[in-house]
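Dropping model16.txt in here (compact mmCIF, C-alpha atoms):
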# COMPACT_ATOMS: atom_id res chain seq x y z
CA MET A 13 58.51 -80.73 -5.51
CA VAL A 14 55.11 -79.02 -5.43
CA ARG A 15 52.19 -81.00 -6.78
CA ALA A 16 49.11 -79.20 -5.51
CA PRO A 17 45.68 -79.87 -7.04
CA MET A 18 44.98 -77.73 -10.09
CA PRO A 19 41.54 -76.12 -9.89
CA ILE A 20 41.47 -75.56 -13.65
CA GLN A 21 41.60 -79.33 -14.10
CA SER A 22 39.47 -80.55 -11.21
CA GLY A 23 37.91 -79.63 -7.90
CA THR A 24 36.19 -76.49 -6.70
CA VAL A 25 35.51 -73.85 -9.28
CA SER A 26 36.19 -70.44 -7.71
CA PHE A 27 37.70 -67.61 -9.64
CA ALA A 28 37.96 -63.84 -9.84
CA ARG A 29 37.18 -62.36 -13.24
CA PHE A 30 38.87 -59.63 -15.25
CA ARG A 31 38.85 -58.40 -18.82
CA SER A 32 42.22 -57.63 -20.42
CA GLU A 33 42.79 -54.73 -22.74
CA PRO A 34 43.89 -54.67 -25.45
CA ALA A 35 41.96 -57.90 -26.16
CA GLY A 36 42.40 -60.19 -29.16
CA ALA A 37 45.10 -62.71 -29.97
CA ARG A 38 48.50 -61.34 -31.00
CA PRO A 39 50.47 -62.79 -33.86
CA ASP A 40 53.48 -63.17 -31.53
CA ALA A 41 51.38 -64.46 -28.59
CA LYS A 42 53.77 -67.21 -27.52
CA ARG A 43 56.88 -65.04 -27.50
CA TRP A 44 55.06 -62.20 -25.76
CA LEU A 45 53.66 -64.52 -23.08
CA LEU A 46 56.99 -66.26 -22.50
CA ARG A 47 58.75 -62.94 -22.13
CA GLY A 48 56.18 -61.72 -19.59
CA LEU A 49 56.09 -64.94 -17.58
CA ARG A 50 59.88 -65.16 -17.40
CA LYS A 51 60.13 -61.57 -16.19
CA LYS A 52 58.43 -62.64 -13.00
CA ALA A 53 59.18 -66.37 -12.96
CA PHE A 54 59.15 -67.98 -9.53
CA GLU A 55 62.51 -68.09 -7.72
CA PRO A 56 62.72 -70.39 -4.71
CA LEU A 57 63.40 -68.79 -1.34
CA GLU A 58 66.81 -70.38 -0.85
CA ALA A 59 68.10 -68.66 -3.98
CA ARG A 60 67.06 -65.27 -2.65
CA LYS A 61 68.36 -62.99 0.06
CA PRO A 62 68.35 -64.62 3.49
CA ASP A 63 66.06 -61.88 4.85
CA ASP A 64 63.27 -62.70 2.41
CA ASP A 65 60.47 -64.73 3.97
CA ARG A 66 58.27 -64.80 0.90
CA ALA A 67 58.79 -65.68 -2.75
CA ALA A 68 56.13 -65.35 -5.45
CA GLY A 69 56.17 -65.77 -9.21
CA PHE A 70 54.82 -67.60 -12.24
CA VAL A 71 55.24 -71.35 -12.73
CA GLU A 72 53.93 -73.86 -15.24
CA LEU A 73 50.39 -75.07 -14.63
CA GLU A 74 51.30 -78.74 -14.58
CA ASP A 75 54.70 -78.55 -12.93
CA HIS A 76 54.92 -76.06 -10.13
CA ASP A 77 58.72 -76.32 -10.02
CA ALA A 78 59.14 -75.49 -13.70
CA THR A 79 59.48 -71.99 -15.13
CA GLY A 80 60.41 -72.76 -18.74
CA PHE A 81 56.80 -72.51 -19.99
CA GLU A 82 57.75 -74.34 -23.17
CA ALA A 83 55.10 -77.06 -22.78
CA GLY A 84 51.41 -76.90 -21.95
CA LEU A 85 51.13 -73.11 -22.03
CA PHE A 86 48.24 -73.17 -24.49
CA GLN A 87 44.97 -75.09 -24.49
CA GLY A 88 42.91 -73.91 -27.45
CA GLU A 89 42.60 -70.13 -27.22
CA HIS A 90 43.55 -70.18 -23.52
CA ALA A 91 46.93 -69.45 -22.00
CA LEU A 92 47.28 -71.46 -18.79
CA PHE A 93 49.87 -70.86 -16.10
CA ALA A 94 50.04 -70.54 -12.33
CA TRP A 95 51.26 -68.21 -9.58
CA ARG A 96 53.24 -69.81 -6.78
CA ILE A 97 53.73 -68.28 -3.35
CA ASP A 98 56.21 -69.76 -0.88
CA GLN A 99 56.19 -68.34 2.60
CA LEU A 100 58.54 -68.99 5.49
CA LYS A 101 56.90 -68.48 8.83
CA VAL A 102 58.74 -68.67 12.10
CA PRO A 103 56.27 -70.06 14.64
CA ALA A 104 55.58 -67.20 17.09
CA LYS A 105 54.94 -69.61 19.94
CA ALA A 106 58.32 -71.32 19.55
CA LEU A 107 60.07 -67.96 19.21
CA LYS A 108 58.48 -66.64 22.41
CA ALA A 109 59.22 -69.84 24.34
CA GLU A 110 62.87 -69.76 23.27
CA VAL A 111 63.32 -66.07 24.17
CA ASP A 112 61.56 -66.56 27.53
CA ARG A 113 63.86 -69.49 28.33
CA TRP A 114 66.91 -67.41 27.47
CA ALA A 115 65.62 -64.43 29.51
CA ALA A 116 65.12 -66.65 32.57
CA ALA A 117 68.66 -68.08 32.24
CA PHE A 118 70.06 -64.59 31.70
CA ALA A 119 68.33 -63.27 34.84
CA ALA A 120 69.61 -66.20 36.90
CA GLY A 121 73.18 -65.77 35.65
CA GLN A 122 73.45 -61.97 35.66
CA GLY A 123 71.27 -61.20 38.64
CA ARG A 124 69.12 -58.85 36.54
CA PRO A 125 66.60 -59.25 33.74
CA PRO A 126 67.80 -58.50 30.20
CA THR A 127 67.23 -54.96 28.94
CA ARG A 128 64.75 -54.40 26.15
CA ARG A 129 67.63 -53.96 23.68
CA GLU A 130 69.32 -57.22 24.77
CA LYS A 131 66.02 -59.06 24.51
CA ALA A 132 65.33 -57.68 21.02
CA ALA A 133 68.83 -58.68 19.84
CA ARG A 134 68.39 -62.21 21.19
CA LYS A 135 64.95 -62.46 19.67
CA GLU A 136 66.35 -61.63 16.24
CA GLU A 137 69.10 -64.27 16.64
CA VAL A 138 66.53 -66.90 17.63
CA ARG A 139 64.28 -65.87 14.76
CA GLN A 140 67.13 -66.43 12.30
CA LEU A 141 67.90 -69.82 13.84
CA LEU A 142 64.28 -70.95 13.70
CA ARG A 143 63.95 -69.56 10.18
CA GLN A 144 66.73 -71.84 8.97
CA LYS A 145 64.85 -74.85 10.31
CA ALA A 146 61.40 -73.79 9.06
CA GLU A 147 59.90 -75.37 5.94
CA PRO A 148 58.22 -72.90 3.57
CA SER A 149 54.50 -73.34 3.00
CA SER A 150 53.55 -73.30 -0.66
CA LYS A 151 50.37 -72.17 -2.43
CA VAL A 152 49.69 -72.30 -6.15
CA LEU A 153 46.91 -70.38 -7.86
CA ASP A 154 45.94 -71.11 -11.47
CA VAL A 155 45.40 -68.46 -14.11
CA SER A 156 43.48 -68.95 -17.36
CA TRP A 157 43.45 -66.27 -20.02
CA ASN A 158 41.31 -66.46 -23.11
CA LEU A 159 43.50 -64.54 -25.52
CA ASP A 160 40.72 -64.17 -28.10
CA THR A 161 38.12 -62.61 -25.82
CA GLY A 162 40.43 -61.12 -23.19
CA GLU A 163 38.66 -62.95 -20.33
CA VAL A 164 41.04 -63.58 -17.45
CA ALA A 165 40.17 -65.93 -14.59
CA ILE A 166 42.36 -66.02 -11.49
CA TRP A 167 41.44 -69.20 -9.67
CA ALA A 168 41.76 -67.91 -6.15
CA THR A 169 39.42 -66.61 -3.47
CA SER A 170 41.72 -64.34 -1.43
CA ARG A 171 41.27 -60.82 -2.74
CA LYS A 172 44.77 -59.87 -1.63
CA VAL A 173 46.31 -62.64 -3.73
CA VAL A 174 43.99 -61.91 -6.67
CA ASP A 175 45.06 -58.25 -6.63
CA GLU A 176 48.74 -59.24 -6.40
CA ILE A 177 48.48 -61.54 -9.44
CA ALA A 178 46.45 -59.01 -11.45
CA ALA A 179 48.95 -56.21 -10.72
CA THR A 180 51.87 -58.45 -11.75
CA MET A 181 50.13 -59.46 -14.98
CA GLU A 182 49.48 -55.82 -15.84
CA GLU A 183 53.14 -55.05 -15.26
CA VAL A 184 54.80 -57.92 -17.11
CA PHE A 185 52.37 -58.19 -20.04
CA THR A 186 51.76 -54.43 -20.38
CA VAL A 187 47.99 -54.85 -20.43
CA SER A 188 45.17 -53.43 -18.32
CA LEU A 189 43.04 -55.88 -16.36
CA HIS A 190 39.61 -54.42 -15.74
CA PRO A 191 37.36 -55.84 -13.03
CA VAL A 192 33.91 -57.01 -14.16
CA SER A 193 31.98 -55.72 -11.15
CA VAL A 194 28.70 -53.93 -11.88
CA GLY A 195 30.29 -50.58 -11.00
CA ALA A 196 33.25 -51.15 -13.35
CA THR A 197 30.98 -52.41 -16.15
CA ALA A 198 28.73 -49.36 -15.77
CA ALA A 199 31.77 -47.08 -15.97
CA ARG A 200 33.05 -48.83 -19.10
CA SER A 201 29.58 -48.65 -20.69
CA LYS A 202 29.76 -44.86 -20.30
CA LEU A 203 26.34 -44.73 -18.69
CA ALA A 204 25.30 -41.34 -17.31
CA GLU A 205 26.85 -40.84 -13.86
CA ALA A 206 23.70 -39.16 -12.59
CA ALA A 207 21.66 -42.30 -13.24
CA LEU A 208 23.99 -44.60 -11.31
CA GLY A 209 23.93 -43.25 -7.75
CA PRO A 210 22.45 -45.44 -5.01
CA THR A 211 18.65 -45.78 -5.19
CA PRO A 212 17.57 -44.14 -1.90
CA ALA A 213 14.35 -46.18 -1.66
CA LEU A 214 16.34 -49.44 -1.83
CA VAL A 215 19.62 -48.65 -0.13
CA GLY A 216 18.09 -46.87 2.85
CA LEU A 217 20.39 -43.90 2.34
CA GLY A 218 19.51 -40.26 2.69
CA GLN A 219 19.63 -38.14 -0.45
CA GLU A 220 22.80 -36.42 0.80
CA VAL A 221 24.74 -39.72 0.69
CA SER A 222 23.74 -40.44 -2.84
CA HIS A 223 25.23 -37.06 -3.81
CA ASP A 224 28.49 -38.01 -2.02
CA ALA A 225 28.68 -41.29 -3.85
CA ALA A 226 27.82 -40.17 -7.35
CA MET B 9 65.19 -51.53 15.79
CA THR B 10 64.23 -54.49 13.60
CA ARG B 11 62.76 -53.97 10.15
CA ARG B 12 59.52 -55.46 11.38
CA ASN B 13 59.21 -52.94 14.22
CA GLU B 14 60.07 -50.11 11.87
CA ALA B 15 57.41 -51.29 9.46
CA ARG B 16 54.86 -51.62 12.26
CA GLU B 17 55.57 -48.08 13.50
CA GLU B 18 55.41 -46.70 9.99
CA ALA B 19 52.08 -48.44 9.39
CA ALA B 20 50.68 -47.05 12.66
CA PHE B 21 51.83 -43.59 11.60
CA LEU B 22 50.26 -43.98 8.16
CA ARG B 23 47.00 -45.12 9.76
CA GLY B 24 47.09 -41.96 11.85
CA GLU B 25 47.30 -43.87 15.12
CA VAL B 26 50.56 -42.17 16.16
CA GLY B 27 52.08 -38.80 15.38
CA VAL B 28 55.64 -37.93 14.22
CA ASP B 29 56.84 -38.18 17.84
CA GLY B 30 55.57 -41.76 18.06
CA ALA B 31 52.92 -40.81 20.64
CA ALA B 32 49.35 -41.93 20.19
CA THR B 33 47.04 -39.49 18.49
CA GLU B 34 43.59 -38.76 19.87
CA ALA B 35 41.72 -41.96 20.64
CA ASP B 36 38.71 -42.95 18.53
CA GLN B 37 35.75 -41.56 20.44
CA ARG B 38 33.06 -43.24 18.33
CA ASP B 39 30.89 -45.90 19.90
CA ALA B 40 30.76 -49.43 18.50
CA ALA B 41 27.49 -48.87 16.62
CA GLU B 42 28.89 -45.79 14.93
CA VAL B 43 32.09 -47.60 13.93
CA GLU B 44 30.00 -50.44 12.48
CA ARG B 45 27.77 -48.05 10.54
CA ASP B 46 30.81 -46.23 9.11
CA LYS B 47 32.32 -49.57 8.07
CA ALA B 48 29.06 -50.65 6.43
CA ARG B 49 28.84 -47.34 4.61
CA GLU B 50 32.44 -47.62 3.38
CA GLU B 51 31.74 -51.16 2.12
CA LEU B 52 28.68 -49.97 0.24
CA LEU B 53 30.45 -47.10 -1.47
CA ARG B 54 33.70 -48.96 -2.31
CA GLY B 55 33.77 -49.71 -6.03
CA ARG B 56 30.07 -48.77 -6.27
CA THR B 57 29.10 -51.94 -4.44
CA TRP B 58 25.56 -50.60 -4.15
CA LEU B 59 25.11 -51.37 -7.85
CA GLY B 60 26.07 -55.01 -7.27
CA ARG B 61 23.67 -55.22 -4.33
CA GLU B 62 20.87 -53.60 -6.31
CA LEU B 63 21.58 -56.09 -9.13
CA LEU B 64 21.25 -59.12 -6.84
CA THR B 65 18.12 -57.70 -5.18
CA TRP B 66 16.53 -56.95 -8.57
CA LEU B 67 17.51 -60.46 -9.69
CA LEU B 68 15.87 -62.03 -6.64
CA TRP B 69 12.64 -60.25 -7.47
CA ARG B 70 12.79 -61.03 -11.20
CA SER B 71 13.79 -64.66 -10.67
CA GLU B 72 10.80 -65.54 -8.51
CA SER B 73 8.57 -66.12 -11.53
CA GLY B 74 10.85 -68.89 -12.82
CA ASP B 75 10.76 -67.43 -16.35
CA PRO B 76 13.90 -66.98 -18.46
CA LEU B 77 15.43 -63.59 -17.66
CA VAL B 78 17.83 -63.13 -20.56
CA GLU B 79 18.90 -64.90 -23.73
CA VAL B 80 22.46 -66.19 -23.88
CA GLU B 81 23.59 -67.48 -27.26
CA GLY B 82 19.99 -67.87 -28.39
CA SER B 83 18.84 -69.82 -25.38
CA GLY B 84 16.81 -68.60 -22.38
CA LEU B 85 18.51 -68.41 -18.99
CA VAL B 86 16.49 -69.20 -15.85
CA VAL B 87 17.94 -68.09 -12.53
CA LEU B 88 16.89 -69.39 -9.13
CA PHE B 89 18.23 -68.31 -5.76
CA THR B 90 18.90 -71.34 -3.64
CA GLY B 91 20.26 -71.93 -0.16
CA ARG B 92 22.13 -69.25 1.73
CA ILE B 93 21.59 -65.55 1.12
CA THR B 94 23.37 -62.66 2.85
CA LEU B 95 21.84 -59.19 3.12
CA ARG B 96 23.73 -56.07 4.10
CA GLY B 97 22.75 -52.48 4.64
CA LEU B 98 23.10 -49.27 6.55
CA ALA B 99 19.61 -48.53 7.79
CA GLY B 100 18.36 -49.57 11.21
CA GLU B 101 20.18 -51.62 13.79
CA VAL B 102 20.93 -54.65 11.63
CA THR B 103 23.78 -54.27 9.14
CA GLU B 104 24.01 -57.92 8.05
CA LEU B 105 21.51 -60.75 7.95
CA THR B 106 22.01 -64.30 6.67
CA ALA B 107 19.17 -66.66 5.82
CA ARG B 108 19.63 -70.37 5.12
CA GLY B 109 17.27 -72.96 3.68
CA ALA B 110 16.32 -74.14 0.21
CA GLU B 111 13.54 -71.52 -0.15
CA ALA B 112 14.96 -68.97 2.28
CA PRO B 113 15.83 -66.36 -0.38
CA TYR B 114 12.15 -65.97 -1.31
CA ALA B 115 10.83 -66.08 2.26
CA ALA B 116 8.68 -63.26 3.61
CA GLU B 117 11.30 -62.59 6.32
CA VAL B 118 13.91 -61.84 3.66
CA ARG B 119 11.55 -59.53 1.78
CA ARG B 120 10.73 -57.67 4.97
CA ALA B 121 14.45 -57.17 5.66
CA LEU B 122 14.89 -55.86 2.10
CA ASP B 123 12.01 -53.47 2.65
CA ALA B 124 13.76 -52.23 5.77
CA GLY B 125 16.76 -51.12 3.70
CA LEU B 126 19.01 -54.18 3.49
CA LEU B 127 20.10 -55.43 0.06
CA VAL B 128 21.36 -58.78 -1.20
CA HIS B 129 25.14 -58.87 -0.85
CA GLN B 130 25.90 -62.53 -1.54
CA ALA B 131 23.76 -65.39 -2.78
CA ARG B 132 23.85 -68.91 -4.15
CA LEU B 133 22.37 -68.99 -7.65
CA ARG B 134 21.27 -71.82 -9.90
CA PHE B 135 21.46 -71.09 -13.63
CA THR B 136 19.51 -73.29 -16.04
CA GLN B 137 20.04 -72.92 -19.77
CA GLY B 138 18.29 -74.89 -22.51
CA GLU B 139 15.50 -77.46 -22.25
CA GLY B 140 15.17 -81.24 -22.32
CA ASP B 141 18.30 -83.00 -23.54
CA THR B 142 20.17 -79.74 -24.03
CA GLU B 143 19.45 -78.43 -20.52
CA LYS B 144 22.54 -77.51 -18.54
CA VAL B 145 22.48 -76.57 -14.87
CA TYR B 146 25.17 -74.55 -13.10
CA GLU B 147 25.40 -73.27 -9.54
CA ALA B 148 27.62 -70.59 -8.06
CA THR B 149 27.88 -68.19 -5.17
CA ILE B 150 28.14 -64.59 -6.33
CA ASP B 151 29.09 -61.52 -4.29
CA ALA B 152 27.92 -58.01 -4.98
CA GLU B 153 31.27 -56.27 -4.74
CA HIS B 154 33.40 -58.16 -7.27
CA LEU B 155 30.96 -60.58 -8.94
CA ASP B 156 33.53 -63.30 -8.40
CA ILE B 157 32.43 -66.90 -8.97
CA ARG B 158 32.76 -69.06 -5.87
CA ALA B 159 32.27 -72.76 -5.21
CA ALA B 160 30.62 -73.25 -8.59
CA LYS B 161 29.15 -76.53 -9.77
CA LEU B 162 29.47 -77.08 -13.49
CA PRO B 163 27.39 -79.48 -15.62
CA GLU B 164 28.86 -82.96 -15.95
CA LEU B 165 31.74 -83.11 -18.41
CA ALA B 166 31.15 -85.05 -21.63
CA ALA B 167 34.78 -85.29 -22.78
CA GLU B 168 36.92 -88.25 -21.77
CA GLU B 169 40.45 -87.25 -22.81
CA GLU B 170 42.28 -85.20 -20.17
CA ASP B 171 43.08 -82.25 -22.48
CA ASP B 172 39.51 -82.17 -23.78
CA ARG B 173 38.16 -82.22 -20.24
CA VAL B 174 40.29 -79.18 -19.32
CA LEU B 175 39.02 -77.35 -22.39
CA GLU B 176 35.42 -78.28 -21.60
CA ARG B 177 35.82 -77.14 -18.01
CA LEU B 178 37.25 -73.82 -19.17
CA PHE B 179 34.39 -73.45 -21.64
CA LEU B 180 31.77 -74.13 -18.94
CA ALA B 181 33.46 -71.73 -16.50
CA GLY B 182 33.43 -69.17 -19.32
CA GLN B 183 29.71 -69.81 -19.88
CA LEU B 184 29.04 -69.10 -16.22
CA SER B 185 30.87 -65.79 -16.61
CA ARG B 186 28.80 -64.98 -19.69
CA PHE B 187 25.57 -65.66 -17.78
CA VAL B 188 26.58 -63.19 -15.09
CA ASP B 189 27.65 -60.63 -17.71
CA ALA B 190 24.32 -60.99 -19.56
CA LEU B 191 22.40 -60.41 -16.32
CA VAL B 192 24.56 -57.37 -15.51
CA ALA B 193 23.90 -55.94 -18.99
CA ALA B 194 20.13 -56.47 -18.62
CA PHE B 195 20.18 -54.89 -15.15
CA LEU B 196 22.21 -51.87 -16.22
CA GLU B 197 19.93 -51.24 -19.18
CA GLU B 198 16.94 -51.15 -16.86
CA ARG B 199 18.80 -49.33 -14.09
CA ALA B 200 19.95 -46.49 -16.35
CA GLY B 201 16.54 -46.08 -18.01
CA ARG B 202 13.73 -43.73 -16.96
CA GLY B 203 11.54 -46.66 -15.96
CA TRP B 204 13.83 -47.56 -13.04
CA ALA B 205 12.58 -44.89 -10.65
CA LYS B 206 9.05 -44.68 -12.07
CA ARG B 207 8.14 -48.33 -12.46
CA THR B 208 10.81 -50.80 -11.32
CA VAL B 209 11.55 -49.43 -7.85
CA PRO B 210 7.84 -49.04 -6.90
CA ALA B 211 7.18 -52.59 -8.16
CA LEU B 212 10.16 -53.90 -6.17
CA LYS B 213 8.89 -52.17 -3.03
CA ARG B 214 5.39 -53.62 -3.55
CA TRP B 215 6.93 -57.09 -3.85
CA MET B 216 8.95 -56.55 -0.67
CA GLN B 217 5.83 -55.44 1.21
CA ALA B 218 3.49 -58.16 -0.15
CA PRO B 219 2.16 -60.47 2.57
CA GLY B 220 2.84 -64.21 2.70
CA GLY B 221 5.54 -66.45 1.24
CA ALA B 222 6.47 -67.15 -2.36
CA GLU B 223 3.83 -69.87 -2.77
CA GLY B 224 1.07 -67.56 -1.58
CA ARG B 225 2.05 -64.83 -4.02
CA ARG B 226 2.26 -67.24 -6.96
CA ALA B 227 -1.26 -68.63 -6.25
Can the structure in the file be given as structure tokens, please?
Amino acid sequence: MVRAPMPIQSGTVSFARFRSEPAGARPDAKRWLLRGLRKKAFEPLEARKPDDDRAAGFVELEDHDATGFEAGLFQGEHALFAWRIDQLKVPAKALKAEVDRWAAAFAAGQGRPPTRREKAARKEEVRQLLRQKAEPSSKVLDVSWNLDTGEVAIWATSRKVVDEIAATMEEVFTVSLHPVSVGATAARSKLAEAALGPTPALVGLGQEVSHDAA
Amino acid sequence: MTRRNEAREEAAFLRGEVGVDGAATEADQRDAAEVERDKAREELLRGRTWLGRELLTWLLWRSESGDPLVEVEGSGLVVLFTGRITLRGLAGEVTELTARGAEAPYAAEVRRALDAGLLVHQARLRFTQGEGDTEKVYEATIDAEHLDIRAAKLPELAAEEEDDRVLERLFLAGQLSRFVDALVAAFLEERAGRGWAKRTVPALKRWMQAPGGAEGRRA
């Protein structure tokens, strides 16, 4: 059972910010959210194909093993849920040690070192064996979504994970998540392109670069 | 061939490191300084990061007076840079510079580096809203590229019930976002106006070139 700390409730406050469009609460918000969350609900690794080393999907905020989303989905105007990532990693050091041991025994028995193909085949066998013994590591990242204002906060610091969650949300909820960087805000404000190139006196760029960038 | 090896070879091909025959393409002939400059340039142009850096640099200058910079929900917002500040740029031999210390962001050394073409890329900011009993203080580290909120400190929670505390925390995190958005709006208004090139940039450069530390300039 996964019971990681929930940043929305306590601890360090770090989050990436987006604005969802269309914004504004929907009359069928609960049904729409449930449908989206269940489309990409978390499925544990053991229930998936044996070749998969990674599983990711939505779970309830307060119970990271639950994917029903019937309780605790709303707090005021916020929808609260989480994204769970389980990853199986075969320790490279153990894999190498095991293959090296086998290669030494092979060379002693056969009077020649294993070919590259034989070594690769053995390595894959060992990897599968070690994989069965490995425990998946689990990470859970909270998501808060103010359905009235469209403000989305993904409580994670890794940009790769933030982008993964944002892309999944766009897909399952059929919304657009816009970043709130200065560049993106300027673009949304429809400010004149010509006025938004780098300021040469500040950036230390030549004029030719500002033309490239604008 | 395992899937992993196939994927690795495909990635190398997509990166242009090997050709269709699997042989290495021409080696990168650039020297380390050139590679670093190209990387710094790519970082600056990605997602118009220069605008985020210009925002934080403008904010450093504007915040030095200690006056409220914008109004958020009818109340003035004072911003103060505190602790660590990271500068990045393309010009000269230095592409990144980090300064630490409670008053480091306003130090003459930082201003000189800004004058040399570096800009603020990441900084720790203290936001103060309201006065007296209604004063609330927040802190957060902000980066120029995404304007993500990192390692923020929120004002002490007043609510006691668990559900109310979650709501209050979400509200305060939302307030922090609104502060940043209000500063971005104020910056973009000035940045897109005619006064940016004529008045703001020359004033910023004069501030960067002024002698002495923050105390000396305030006196």
Check: which chain B residues lie within 8 Å of chain A using all atoms listed in the file, as a PyMOL selection string: chain B and resi 10+53+55-60+62-63+97-99+122-127+152-161+171+173-175+177-178+181+185+192+196+199-201+209
Expected file: the selected residues, C-alpha atoms, as an mmCIF file, keeping the file's coordinate frame:
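Output file part.cif follows:
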data_model
loop_
_atom_site.group_PDB
_atom_site.id
_atom_site.type_symbol
_atom_site.label_atom_id
_atom_site.label_comp_id
_atom_site.auth_asym_id
_atom_site.auth_seq_id
_atom_site.Cartn_x
_atom_site.Cartn_y
_atom_site.Cartn_z
ATOM 1 C CA THR B 10 64.230 -54.490 13.600
ATOM 2 C CA LEU B 53 30.450 -47.100 -1.470
ATOM 3 C CA GLY B 55 33.770 -49.710 -6.030
ATOM 4 C CA ARG B 56 30.070 -48.770 -6.270
ATOM 5 C CA THR B 57 29.100 -51.940 -4.440
ATOM 6 C CA TRP B 58 25.560 -50.600 -4.150
ATOM 7 C CA LEU B 59 25.110 -51.370 -7.850
ATOM 8 C CA GLY B 60 26.070 -55.010 -7.270
ATOM 9 C CA GLU B 62 20.870 -53.600 -6.310
ATOM 10 C CA LEU B 63 21.580 -56.090 -9.130
ATOM 11 C CA GLY B 97 22.750 -52.480 4.640
ATOM 12 C CA LEU B 98 23.100 -49.270 6.550
ATOM 13 C CA ALA B 99 19.610 -48.530 7.790
ATOM 14 C CA LEU B 122 14.890 -55.860 2.100
ATOM 15 C CA ASP B 123 12.010 -53.470 2.650
ATOM 16 C CA ALA B 124 13.760 -52.230 5.770
ATOM 17 C CA GLY B 125 16.760 -51.120 3.700
ATOM 18 C CA LEU B 126 19.010 -54.180 3.490
ATOM 19 C CA LEU B 127 20.100 -55.430 0.060
ATOM 20 C CA ALA B 152 27.920 -58.010 -4.980
ATOM 21 C CA GLU B 153 31.270 -56.270 -4.740
ATOM 22 C CA HIS B 154 33.400 -58.160 -7.270
ATOM 23 C CA LEU B 155 30.960 -60.580 -8.940
ATOM 24 C CA ASP B 156 33.530 -63.300 -8.400
ATOM 25 C CA ILE B 157 32.430 -66.900 -8.970
ATOM 26 C CA ARG B 158 32.760 -69.060 -5.870
ATOM 27 C CA ALA B 159 32.270 -72.760 -5.210
ATOM 28 C CA ALA B 160 30.620 -73.250 -8.590
ATOM 29 C CA LYS B 161 29.150 -76.530 -9.770
ATOM 30 C CA ASP B 171 43.080 -82.250 -22.480
ATOM 31 C CA ARG B 173 38.160 -82.220 -20.240
ATOM 32 C CA VAL B 174 40.290 -79.180 -19.320
ATOM 33 C CA LEU B 175 39.020 -77.350 -22.390
ATOM 34 C CA ARG B 177 35.820 -77.140 -18.010
ATOM 35 C CA LEU B 178 37.250 -73.820 -19.170
ATOM 36 C CA ALA B 181 33.460 -71.730 -16.500
ATOM 37 C CA SER B 185 30.870 -65.790 -16.610
ATOM 38 C CA VAL B 192 24.560 -57.370 -15.510
ATOM 39 C CA LEU B 196 22.210 -51.870 -16.220
ATOM 40 C CA ARG B 199 18.800 -49.330 -14.090
ATOM 41 C CA ALA B 200 19.950 -46.490 -16.350
ATOM 42 C CA GLY B 201 16.540 -46.080 -18.010
ATOM 43 C CA VAL B 209 11.550 -49.430 -7.850
#
Show which residues sit within 12 Å of Phe187 of chain B, as an mmCIF file with C-alpha atoms, in the frame of the given file. Count all atoms listed in the file, and ignore same-chain residues fewer than 6 positions away.
data_model
loop_
_atom_site.group_PDB
_atom_site.id
_atom_site.type_symbol
_atom_site.label_atom_id
_atom_site.label_comp_id
_atom_site.auth_asym_id
_atom_site.auth_seq_id
_atom_site.Cartn_x
_atom_site.Cartn_y
_atom_site.Cartn_z
ATOM 1 C CA PRO B 76 13.900 -66.980 -18.460
ATOM 2 C CA LEU B 77 15.430 -63.590 -17.660
ATOM 3 C CA VAL B 78 17.830 -63.130 -20.560
ATOM 4 C CA GLU B 79 18.900 -64.900 -23.730
ATOM 5 C CA VAL B 80 22.460 -66.190 -23.880
ATOM 6 C CA GLU B 81 23.590 -67.480 -27.260
ATOM 7 C CA SER B 83 18.840 -69.820 -25.380
ATOM 8 C CA GLY B 84 16.810 -68.600 -22.380
ATOM 9 C CA LEU B 85 18.510 -68.410 -18.990
ATOM 10 C CA VAL B 86 16.490 -69.200 -15.850
ATOM 11 C CA VAL B 87 17.940 -68.090 -12.530
ATOM 12 C CA LEU B 133 22.370 -68.990 -7.650
ATOM 13 C CA ARG B 134 21.270 -71.820 -9.900
ATOM 14 C CA PHE B 135 21.460 -71.090 -13.630
ATOM 15 C CA THR B 136 19.510 -73.290 -16.040
ATOM 16 C CA GLN B 137 20.040 -72.920 -19.770
ATOM 17 C CA VAL B 145 22.480 -76.570 -14.870
ATOM 18 C CA TYR B 146 25.170 -74.550 -13.100
ATOM 19 C CA GLU B 147 25.400 -73.270 -9.540
ATOM 20 C CA ALA B 148 27.620 -70.590 -8.060
ATOM 21 C CA ILE B 150 28.140 -64.590 -6.330
ATOM 22 C CA LEU B 155 30.960 -60.580 -8.940
ATOM 23 C CA ILE B 157 32.430 -66.900 -8.970
ATOM 24 C CA LEU B 180 31.770 -74.130 -18.940
ATOM 25 C CA ALA B 181 33.460 -71.730 -16.500
ATOM 26 C CA ALA B 193 23.900 -55.940 -18.990
ATOM 27 C CA ALA B 194 20.130 -56.470 -18.620
#
Pairwise distance for atom CA of Glu198 of chain B and atom CA of Leu67 of chain B, rounded to one decimal in Å: 11.8 Å
Gap from atom CA of Ser150 of chain A to atom CA of Val174 of chain A - Å, one decimal: 16.0 Å
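The space between atom CA of Gly48 of chain A and atom CA of Ala78 of chain A spans 15.3 Å.
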Contacts of Arg120 of chain B at 12 Å (all atoms listed in the file; same-chain gap of 4+ positions) as a VMD selection string: chain B and resid 95 105 113 to 116 124 to 127 212 to 221
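When the distance limit is 8 Å and all atoms listed in the file are what count, the residues near Gly162 of chain A, minus those fewer than 2 positions from it on the same chain, are Arg31, Ser32, Glu33, Pro34, Ala35, Gly36, Trp157, Asn158, Leu159, Asp160 and Val164 of chain A.
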